[in-house]
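Data file: work-v9.cif. Format and content: mmCIF, C-alpha atoms.
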data_upload
#
loop_
_atom_site.group_PDB
_atom_site.id
_atom_site.type_symbol
_atom_site.label_atom_id
_atom_site.label_comp_id
_atom_site.auth_asym_id
_atom_site.auth_seq_id
_atom_site.Cartn_x
_atom_site.Cartn_y
_atom_site.Cartn_z
ATOM 1 C CA MET A 1 73.767 116.421 69.393
ATOM 2 C CA THR A 2 71.193 114.782 71.589
ATOM 3 C CA HIS A 3 73.599 112.346 73.146
ATOM 4 C CA ASP A 4 74.089 113.020 76.820
ATOM 5 C CA HIS A 5 77.877 112.738 76.497
ATOM 6 C CA HIS A 6 77.809 116.289 75.194
ATOM 7 C CA HIS A 7 76.935 117.452 78.659
ATOM 8 C CA PRO A 8 79.844 116.539 80.864
ATOM 9 C CA ARG A 9 78.837 115.731 84.361
ATOM 10 C CA PRO A 10 80.589 116.655 87.562
ATOM 11 C CA ALA A 11 83.056 114.202 89.045
ATOM 12 C CA SER A 12 80.666 112.974 91.686
ATOM 13 C CA THR A 13 78.323 111.726 88.989
ATOM 14 C CA LEU A 14 81.219 110.070 87.229
ATOM 15 C CA GLU A 15 82.230 108.447 90.457
ATOM 16 C CA LEU A 16 78.755 106.984 90.836
ATOM 17 C CA ARG A 17 78.865 105.732 87.272
ATOM 18 C CA ALA A 18 82.250 104.125 87.845
ATOM 19 C CA ARG A 19 80.898 102.373 90.932
ATOM 20 C CA ALA A 20 77.764 101.237 89.137
ATOM 21 C CA LEU A 21 79.777 99.861 86.237
ATOM 22 C CA GLU A 22 82.159 98.039 88.556
ATOM 23 C CA ALA A 23 79.230 96.521 90.454
ATOM 24 C CA LEU A 24 77.587 95.405 87.228
ATOM 25 C CA LEU A 25 80.786 93.881 85.867
ATOM 26 C CA ALA A 26 81.419 92.124 89.158
ATOM 27 C CA GLU A 27 77.876 90.749 89.133
ATOM 28 C CA ARG A 28 78.503 89.310 85.676
ATOM 29 C CA GLY A 29 81.766 87.796 86.789
ATOM 30 C CA LEU A 30 83.697 89.917 84.295
ATOM 31 C CA VAL A 31 85.827 91.704 86.843
ATOM 32 C CA SER A 32 86.493 91.231 90.495
ATOM 33 C CA THR A 33 87.313 93.976 92.945
ATOM 34 C CA ASP A 34 90.549 92.176 93.782
ATOM 35 C CA ALA A 35 91.607 92.071 90.150
ATOM 36 C CA ILE A 36 90.975 95.796 89.789
ATOM 37 C CA ASP A 37 92.833 96.499 93.025
ATOM 38 C CA ALA A 38 95.828 94.619 91.685
ATOM 39 C CA VAL A 39 95.842 96.535 88.413
ATOM 40 C CA VAL A 40 95.395 99.892 90.123
ATOM 41 C CA ALA A 41 98.279 99.131 92.464
ATOM 42 C CA LEU A 42 100.427 98.267 89.472
ATOM 43 C CA TYR A 43 99.859 101.625 87.842
ATOM 44 C CA GLU A 44 99.756 103.813 90.917
ATOM 45 C CA HIS A 45 102.977 102.645 92.415
ATOM 46 C CA ASP A 46 106.415 103.865 91.733
ATOM 47 C CA VAL A 47 107.872 102.887 88.421
ATOM 48 C CA GLY A 48 111.570 102.420 88.859
ATOM 49 C CA PRO A 49 114.639 103.292 86.830
ATOM 50 C CA GLN A 50 115.188 99.774 85.473
ATOM 51 C CA ASN A 51 114.581 100.870 81.903
ATOM 52 C CA GLY A 52 117.351 103.437 82.116
ATOM 53 C CA ALA A 53 119.718 100.937 83.724
ATOM 54 C CA THR A 54 119.058 98.516 80.882
ATOM 55 C CA VAL A 55 119.862 101.226 78.340
ATOM 56 C CA VAL A 56 123.100 102.152 80.139
ATOM 57 C CA ALA A 57 124.281 98.549 80.436
ATOM 58 C CA ARG A 58 123.646 97.974 76.745
ATOM 59 C CA ALA A 59 125.662 101.066 75.880
ATOM 60 C CA TRP A 60 128.525 99.771 78.014
ATOM 61 C CA VAL A 61 128.739 96.439 76.231
ATOM 62 C CA ASP A 62 127.841 97.536 72.704
ATOM 63 C CA GLU A 63 129.896 100.377 71.261
ATOM 64 C CA ARG A 64 127.623 100.792 68.267
ATOM 65 C CA TYR A 65 124.571 101.023 70.485
ATOM 66 C CA ARG A 66 126.398 103.630 72.542
ATOM 67 C CA GLU A 67 127.004 105.705 69.427
ATOM 68 C CA ARG A 68 123.355 105.487 68.423
ATOM 69 C CA LEU A 69 122.290 106.355 71.955
ATOM 70 C CA LEU A 70 124.422 109.485 72.003
ATOM 71 C CA SER A 71 123.430 110.629 68.531
ATOM 72 C CA ALA A 72 119.723 109.710 68.444
ATOM 73 C CA ALA A 73 118.577 108.814 71.931
ATOM 74 C CA ASN A 74 114.858 108.424 71.247
ATOM 75 C CA GLU A 75 115.432 105.829 68.556
ATOM 76 C CA ALA A 76 118.111 103.983 70.515
ATOM 77 C CA ILE A 77 115.946 103.831 73.641
ATOM 78 C CA GLY A 78 113.013 102.742 71.492
ATOM 79 C CA GLU A 79 115.105 99.841 70.166
ATOM 80 C CA LEU A 80 114.937 98.320 73.640
ATOM 81 C CA GLY A 81 111.194 98.764 73.770
ATOM 82 C CA PHE A 82 111.126 101.791 76.023
ATOM 83 C CA GLY A 83 109.615 105.152 75.360
ATOM 84 C CA GLY A 84 106.753 107.271 76.437
ATOM 85 C CA ALA A 85 103.556 108.626 75.092
ATOM 86 C CA GLU A 86 104.501 112.212 75.867
ATOM 87 C CA GLY A 87 106.801 112.398 72.875
ATOM 88 C CA ASP A 88 109.725 113.574 74.922
ATOM 89 C CA ASN A 89 112.859 114.450 73.098
ATOM 90 C CA MET A 90 115.571 112.548 74.921
ATOM 91 C CA VAL A 91 119.227 113.518 74.884
ATOM 92 C CA VAL A 92 121.836 111.267 76.492
ATOM 93 C CA VAL A 93 125.017 112.879 77.777
ATOM 94 C CA ALA A 94 128.054 110.711 78.491
ATOM 95 C CA ASN A 95 130.398 111.059 81.414
ATOM 96 C CA THR A 96 134.117 110.836 80.677
ATOM 97 C CA PRO A 97 137.171 111.062 82.909
ATOM 98 C CA ALA A 98 137.184 114.800 82.131
ATOM 99 C CA VAL A 99 133.472 115.616 82.166
ATOM 100 C CA HIS A 100 130.761 114.816 84.662
ATOM 101 C CA ASN A 101 127.150 115.492 83.711
ATOM 102 C CA MET A 102 124.184 116.091 85.950
ATOM 103 C CA ILE A 103 120.585 116.907 85.168
ATOM 104 C CA VAL A 104 118.135 119.276 86.756
ATOM 105 C CA CYS A 105 114.934 121.034 85.829
ATOM 106 C CA THR A 106 115.256 124.589 87.082
ATOM 107 C CA LEU A 107 111.721 125.545 86.075
ATOM 108 C CA CYS A 108 109.740 122.654 87.457
ATOM 109 C CA SER A 109 110.527 118.955 87.554
ATOM 110 C CA CYS A 110 110.868 117.731 83.979
ATOM 111 C CA TYR A 111 112.390 114.303 84.114
ATOM 112 C CA PRO A 112 113.104 111.445 81.700
ATOM 113 C CA TRP A 113 110.356 109.290 83.184
ATOM 114 C CA PRO A 114 110.123 106.673 80.407
ATOM 115 C CA VAL A 115 113.584 105.499 81.437
ATOM 116 C CA LEU A 116 113.839 106.571 85.060
ATOM 117 C CA GLY A 117 110.311 106.233 86.371
ATOM 118 C CA LEU A 118 109.142 108.849 88.814
ATOM 119 C CA PRO A 119 111.411 111.638 90.003
ATOM 120 C CA PRO A 120 112.683 111.560 93.583
ATOM 121 C CA THR A 121 111.337 114.249 95.890
ATOM 122 C CA TRP A 122 114.633 116.078 96.124
ATOM 123 C CA TYR A 123 114.752 116.434 92.355
ATOM 124 C CA LYS A 124 111.587 118.493 92.556
ATOM 125 C CA SER A 125 112.741 120.550 95.533
ATOM 126 C CA PRO A 126 113.548 124.245 95.048
ATOM 127 C CA PRO A 127 116.982 123.962 96.718
ATOM 128 C CA TYR A 128 118.198 121.287 94.310
ATOM 129 C CA ARG A 129 116.765 123.120 91.323
ATOM 130 C CA ALA A 130 118.474 126.353 92.280
ATOM 131 C CA ARG A 131 121.753 125.032 93.625
ATOM 132 C CA ALA A 132 122.473 122.393 90.974
ATOM 133 C CA VAL A 133 123.188 125.222 88.561
ATOM 134 C CA ALA A 134 124.760 127.713 90.968
ATOM 135 C CA GLU A 135 127.029 125.362 92.887
ATOM 136 C CA PRO A 136 126.949 121.874 91.375
ATOM 137 C CA ARG A 137 130.166 120.770 93.020
ATOM 138 C CA ALA A 138 128.806 121.527 96.464
ATOM 139 C CA VAL A 139 125.549 119.741 95.683
ATOM 140 C CA LEU A 140 127.411 116.667 94.470
ATOM 141 C CA ARG A 141 129.536 116.686 97.601
ATOM 142 C CA GLU A 142 126.337 116.564 99.664
ATOM 143 C CA PHE A 143 125.333 113.526 97.659
ATOM 144 C CA GLY A 144 128.658 112.010 98.659
ATOM 145 C CA LEU A 145 130.236 112.476 95.275
ATOM 146 C CA GLU A 146 133.623 114.155 95.434
ATOM 147 C CA LEU A 147 134.996 115.021 92.009
ATOM 148 C CA GLY A 148 138.510 116.187 91.328
ATOM 149 C CA ASP A 149 139.022 119.817 90.345
ATOM 150 C CA GLU A 150 140.174 118.676 86.931
ATOM 151 C CA VAL A 151 136.716 117.267 86.198
ATOM 152 C CA GLU A 152 134.419 119.691 84.450
ATOM 153 C CA ILE A 153 130.815 119.545 85.649
ATOM 154 C CA ARG A 154 128.148 120.149 83.058
ATOM 155 C CA VAL A 155 124.615 120.801 84.280
ATOM 156 C CA TRP A 156 121.804 120.102 81.847
ATOM 157 C CA ASP A 157 118.546 121.952 82.385
ATOM 158 C CA SER A 158 115.631 119.778 81.342
ATOM 159 C CA SER A 159 112.461 121.129 79.872
ATOM 160 C CA ALA A 160 109.217 119.829 78.509
ATOM 161 C CA GLU A 161 110.932 119.677 75.109
ATOM 162 C CA VAL A 162 114.261 118.105 75.993
ATOM 163 C CA ARG A 163 114.915 115.604 78.744
ATOM 164 C CA TYR A 164 118.395 114.457 79.571
ATOM 165 C CA LEU A 165 119.801 111.195 80.796
ATOM 166 C CA VAL A 166 123.345 110.758 82.050
ATOM 167 C CA LEU A 167 125.338 107.850 80.662
ATOM 168 C CA PRO A 168 127.759 107.105 83.498
ATOM 169 C CA MET A 169 131.183 105.554 83.025
ATOM 170 C CA ARG A 170 131.399 101.795 83.321
ATOM 171 C CA PRO A 171 133.050 100.887 86.625
ATOM 172 C CA ALA A 172 136.542 99.460 86.489
ATOM 173 C CA ASP A 173 137.078 95.710 86.822
ATOM 174 C CA THR A 174 133.705 94.759 85.383
ATOM 175 C CA GLU A 175 134.959 93.266 82.121
ATOM 176 C CA ALA A 176 133.624 89.835 83.011
ATOM 177 C CA TRP A 177 130.206 91.048 84.110
ATOM 178 C CA SER A 178 127.038 90.236 82.238
ATOM 179 C CA GLU A 179 124.778 92.978 80.953
ATOM 180 C CA LYS A 180 122.318 92.143 83.684
ATOM 181 C CA GLU A 181 124.951 92.398 86.387
ATOM 182 C CA LEU A 182 126.066 95.713 84.962
ATOM 183 C CA ALA A 183 122.505 97.066 84.914
ATOM 184 C CA ALA A 184 122.175 96.191 88.590
ATOM 185 C CA VAL A 185 124.774 98.786 89.635
ATOM 186 C CA VAL A 186 123.233 101.580 87.582
ATOM 187 C CA THR A 187 121.099 103.423 90.093
ATOM 188 C CA ARG A 188 118.645 106.197 89.432
ATOM 189 C CA ASP A 189 121.046 108.766 90.871
ATOM 190 C CA CYS A 190 123.801 107.577 88.511
ATOM 191 C CA MET A 191 121.586 108.520 85.598
ATOM 192 C CA ILE A 192 120.671 111.877 87.131
ATOM 193 C CA GLY A 193 124.359 112.449 87.693
ATOM 194 C CA THR A 194 124.332 112.794 91.468
ATOM 195 C CA ALA A 195 126.169 109.486 91.879
ATOM 196 C CA VAL A 196 128.487 107.244 89.901
ATOM 197 C CA PRO A 197 128.158 103.485 89.658
ATOM 198 C CA THR A 198 130.734 101.417 91.448
ATOM 199 C CA ALA A 199 131.541 97.743 91.162
ATOM 200 C CA ARG A 200 131.356 97.483 94.936
ATOM 201 C CA GLU A 201 127.597 98.029 95.012
ATOM 202 C CA GLN A 202 127.158 94.784 93.157
ATOM 203 C CA ALA A 203 128.532 92.858 96.120
ATOM 204 C CA ILE A 204 126.157 94.629 98.479
ATOM 205 C CA ALA A 205 123.173 94.079 96.181
ATOM 206 C CA MET B 1 112.997 95.119 84.842
ATOM 207 C CA SER B 2 109.952 95.155 87.020
ATOM 208 C CA ALA B 3 106.597 93.868 85.938
ATOM 209 C CA GLN B 4 104.971 97.206 86.507
ATOM 210 C CA THR B 5 107.377 99.040 84.198
ATOM 211 C CA ASN B 6 106.502 96.616 81.444
ATOM 212 C CA GLU B 7 102.801 96.788 82.178
ATOM 213 C CA LEU B 8 102.764 100.543 81.998
ATOM 214 C CA ALA B 9 104.878 100.617 78.841
ATOM 215 C CA THR B 10 102.501 98.100 77.294
ATOM 216 C CA LEU B 11 99.515 100.196 78.242
ATOM 217 C CA ASP B 12 101.155 103.340 76.882
ATOM 218 C CA ARG B 13 101.815 101.601 73.585
ATOM 219 C CA ALA B 14 98.278 100.232 73.460
ATOM 220 C CA LEU B 15 96.782 103.671 73.945
ATOM 221 C CA GLY B 16 99.173 105.343 71.533
ATOM 222 C CA ALA B 17 99.819 109.015 71.030
ATOM 223 C CA GLU B 18 96.196 109.815 70.271
ATOM 224 C CA THR B 19 94.681 108.855 73.609
ATOM 225 C CA PRO B 20 97.529 108.926 76.144
ATOM 226 C CA LEU B 21 96.794 108.510 79.833
ATOM 227 C CA PRO B 22 96.740 111.817 81.731
ATOM 228 C CA ARG B 23 100.134 112.442 83.260
ATOM 229 C CA ASP B 24 101.964 115.104 85.130
ATOM 230 C CA ASN B 25 105.643 114.859 84.330
ATOM 231 C CA GLY B 26 105.412 111.151 83.849
ATOM 232 C CA GLU B 27 103.262 110.342 86.827
ATOM 233 C CA LEU B 28 99.816 109.033 86.063
ATOM 234 C CA VAL B 29 97.270 111.485 87.335
ATOM 235 C CA PHE B 30 94.408 110.119 89.402
ATOM 236 C CA GLU B 31 92.649 113.033 91.018
ATOM 237 C CA GLU B 32 90.063 110.847 92.641
ATOM 238 C CA PRO B 33 90.037 107.121 93.358
ATOM 239 C CA TRP B 34 87.296 106.406 90.818
ATOM 240 C CA GLN B 35 89.684 107.399 88.028
ATOM 241 C CA GLY B 36 92.128 104.696 89.010
ATOM 242 C CA ARG B 37 89.233 102.237 89.368
ATOM 243 C CA ALA B 38 88.040 103.152 85.868
ATOM 244 C CA LEU B 39 91.502 102.451 84.462
ATOM 245 C CA GLY B 40 91.733 99.157 86.351
ATOM 246 C CA MET B 41 88.255 98.124 85.208
ATOM 247 C CA GLY B 42 89.190 98.761 81.606
ATOM 248 C CA VAL B 43 92.382 96.729 81.811
ATOM 249 C CA VAL B 44 90.677 93.801 83.551
ATOM 250 C CA ALA B 45 87.539 93.867 81.405
ATOM 251 C CA LEU B 46 89.624 93.782 78.223
ATOM 252 C CA GLN B 47 91.643 90.874 79.521
ATOM 253 C CA ARG B 48 88.523 88.986 80.489
ATOM 254 C CA THR B 49 86.497 89.655 77.350
ATOM 255 C CA GLY B 50 89.394 89.232 74.944
ATOM 256 C CA ALA B 51 88.587 92.603 73.401
ATOM 257 C CA SER B 52 91.610 94.276 71.853
ATOM 258 C CA TRP B 53 93.132 97.584 72.834
ATOM 259 C CA ALA B 54 92.648 98.739 69.255
ATOM 260 C CA GLU B 55 88.943 98.140 69.670
ATOM 261 C CA PHE B 56 88.870 99.967 72.988
ATOM 262 C CA ARG B 57 90.883 102.823 71.538
ATOM 263 C CA ARG B 58 88.329 103.327 68.763
ATOM 264 C CA HIS B 59 85.669 103.783 71.406
ATOM 265 C CA LEU B 60 87.925 106.038 73.451
ATOM 266 C CA VAL B 61 88.779 108.314 70.529
ATOM 267 C CA ALA B 62 85.083 108.710 69.772
ATOM 268 C CA ALA B 63 84.196 109.241 73.422
ATOM 269 C CA ILE B 64 86.857 111.914 73.898
ATOM 270 C CA ALA B 65 85.657 113.721 70.782
ATOM 271 C CA ALA B 66 82.078 113.532 72.024
ATOM 272 C CA ARG B 67 82.915 114.706 75.489
ATOM 273 C CA PRO B 68 84.923 117.923 75.601
ATOM 274 C CA PRO B 69 85.914 119.002 79.112
ATOM 275 C CA ALA B 70 83.291 121.153 80.789
ATOM 276 C CA ASP B 71 84.206 124.530 82.235
ATOM 277 C CA GLY B 72 86.436 123.964 85.196
ATOM 278 C CA GLU B 73 86.669 120.257 84.593
ATOM 279 C CA SER B 74 90.195 118.892 84.727
ATOM 280 C CA ALA B 75 91.822 116.977 81.901
ATOM 281 C CA ALA B 76 91.966 113.835 84.039
ATOM 282 C CA THR B 77 88.274 113.999 84.917
ATOM 283 C CA ALA B 78 87.345 114.526 81.274
ATOM 284 C CA TYR B 79 89.637 111.705 80.174
ATOM 285 C CA TYR B 80 88.378 109.125 82.634
ATOM 286 C CA GLY B 81 84.805 110.243 82.002
ATOM 287 C CA ALA B 82 85.392 109.442 78.349
ATOM 288 C CA TRP B 83 87.109 106.221 79.447
ATOM 289 C CA LEU B 84 83.903 105.113 81.191
ATOM 290 C CA ASP B 85 81.889 106.019 78.082
ATOM 291 C CA ALA B 86 84.282 103.996 75.940
ATOM 292 C CA LEU B 87 84.214 100.989 78.225
ATOM 293 C CA GLU B 88 80.432 101.010 78.381
ATOM 294 C CA GLY B 89 80.273 101.388 74.616
ATOM 295 C CA LEU B 90 82.604 98.460 74.039
ATOM 296 C CA LEU B 91 80.786 96.215 76.490
ATOM 297 C CA ALA B 92 77.396 97.183 75.084
ATOM 298 C CA GLU B 93 78.578 96.377 71.583
ATOM 299 C CA ARG B 94 79.462 92.907 72.789
ATOM 300 C CA ASP B 95 76.099 92.531 74.503
ATOM 301 C CA LEU B 96 77.781 92.384 77.867
ATOM 302 C CA LEU B 97 75.890 95.324 79.209
ATOM 303 C CA GLU B 98 72.388 96.585 79.025
ATOM 304 C CA GLN B 99 72.220 100.080 77.664
ATOM 305 C CA ALA B 100 73.745 102.323 80.268
ATOM 306 C CA ASP B 101 71.073 103.686 82.548
#
Let me see whether you can do it: turn the structure in this file into structure tokens.
Amino acid sequence: MTHDHHHPRPASTLELRARALEALLAERGLVSTDAIDAVVALYEHDVGPQNGATVVARAWVDERYRERLLSAANEAIGELGFGGAEGDNMVVVANTPAVHNMIVCTLCSCYPWPVLGLPPTWYKSPPYRARAVAEPRAVLREFGLELGDEVEIRVWDSSAEVRYLVLPMRPADTEAWSEKELAAVVTRDCMIGTAVPTAREQAIA
Amino acid sequence: MSAQTNELATLDRALGAETPLPRDNGELVFEEPWQGRALGMGVVALQRTGASWAEFRRHLVAAIAARPPADGESAATAYYGAWLDALEGLLAERDLLEQAD
């Protein structure tokens, strides 16, 4: 127990150590400040919802994958190489003509980040968290999503244990589209359930 | 799929469930800039030396065990403190570093 690592130092000391190590590595030509900057930027910046869009597009074109996704989401998402280190239990809920799903975290801001990246600010805001459950139809209307009265809205409250992802309906007239083209219309909000994908967005994108 | 999504997923897989990066609801936690620098240094140094993530992880597991968070020290500070220990240990083992001062 004589090793100094048993006596954790305050952050300022660690900061000095980090600087000293970086300087030493730079001196030896092992790392450059630019290379570190590039890596840091990669990890600090927003990670987008592309993983989720890829999962959704696959489910649209592959009925068997869709079944696996709805019955055992973690495994199905893992098949495509996505997943997180937090061990989240993912549940995918599918929209139908009769049921529209949306997700919220009423307690904090639990979010299916391995597939959607970082949550948008509004997702974490108290008004969304409170109103999504109390008046989902009104919230959706504010997002520009008008659903018929015949459509049941199901709100799924995420937690640290279970995180939900909405599987939206495939837009009409997209039979000829490739999986990649399909993924391009699946936005983050579609998978939160505050929007639905439309074939028209493809033309704009 | 963006490059960064893949990079982060790769890093998550490399670190495994035993030594996951500190996160808050999915977002990597860097409380101070040096923590991000430490992460970046590790990634670049491994690329440049050809050391494997498995090798780094062995050092990291040992460093985390040897360095429990001090009173009032955050999980991220403790983690990246151990990360520096691990990186120094790995580099020293490969004779790329004099013993840490």
Problem set entry | Residues matched by the PyMOL selection byres ((chain B and resi 79-96) around 7) as number ranges by chain | A: 14, 18; B: 35, 38, 42, 56, 59-60, 63-64, 67, 75-78, 97-99
Exercise. For this file, the PyMOL selection byres ((chain B and resi 46) around 10) selects which residues, as a ChimeraX atom specification?
Worked result: /A:30-31 /B:40-45,47-53,55-56,87,90-91
Exercise. In Å to one decimal, how far is atom CA of Pro171 of chain A from atom CA of Arg58 of chain A?
Worked result: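 According to the coordinates, atom CA of Arg58 of chain A and atom CA of Pro171 of chain A are separated by 13.9 Å.
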Problem set entry | Distance of atom CA of Val56 of chain A from atom CA of Glu152 of chain A, expressed in Å to one decimal place |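 Atom CA of Glu152 of chain A sits 21.3 Å away from atom CA of Val56 of chain A.
As for atom CA of Asp173 of chain A and atom CA of Asp149 of chain A, they are spaced 24.4 Å apart.
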For this session: Find the spatial neighbours of Asn101 of chain A, counting only C-alpha atoms, within a cut-off of 12 Å - ignore same-chain residues fewer than 6 positions away - and output them as a PyMOL selection string.
Result: chain A and resi 92-95+132-133+136-137+140+147+151-157+164-169+189-196
For this session: Write out as a VMD selection string the residues lying within 6 Å of segment 59-75 of chain A, counting only C-alpha atoms and excluding same-chain residues fewer than 2 positions away.
Result: chain A and resid 56 to 57 77 to 78 90 to 92
Would you save the residues from that selection as a PDB file, keeping the file's coordinate frame, using C-alpha atoms?
ATOM      1  CA  VAL A  56     123.100 102.152  80.139  1.00  0.00           C
ATOM      2  CA  ALA A  57     124.281  98.549  80.436  1.00  0.00           C
ATOM      3  CA  ILE A  77     115.946 103.831  73.641  1.00  0.00           C
ATOM      4  CA  GLY A  78     113.013 102.742  71.492  1.00  0.00           C
ATOM      5  CA  MET A  90     115.571 112.548  74.921  1.00  0.00           C
ATOM      6  CA  VAL A  91     119.227 113.518  74.884  1.00  0.00           C
ATOM      7  CA  VAL A  92     121.836 111.267  76.492  1.00  0.00           C
TER       8      VAL A  92
END
For this session: Take the PyMOL selection byres ((chain A and resi 49) around 8), apply it to the structure above, and return the hits as a PyMOL selection string.
Result: chain A and resi 47-48+50-53+115-117+187-188
Problem set entry | Among listed residues A:Ala138, A:Ala76, A:Leu145, A:Ala184, nearest chain B (using all atoms listed in the file) |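 The shortest atom-to-atom distance to chain B comes from A:Ala184.
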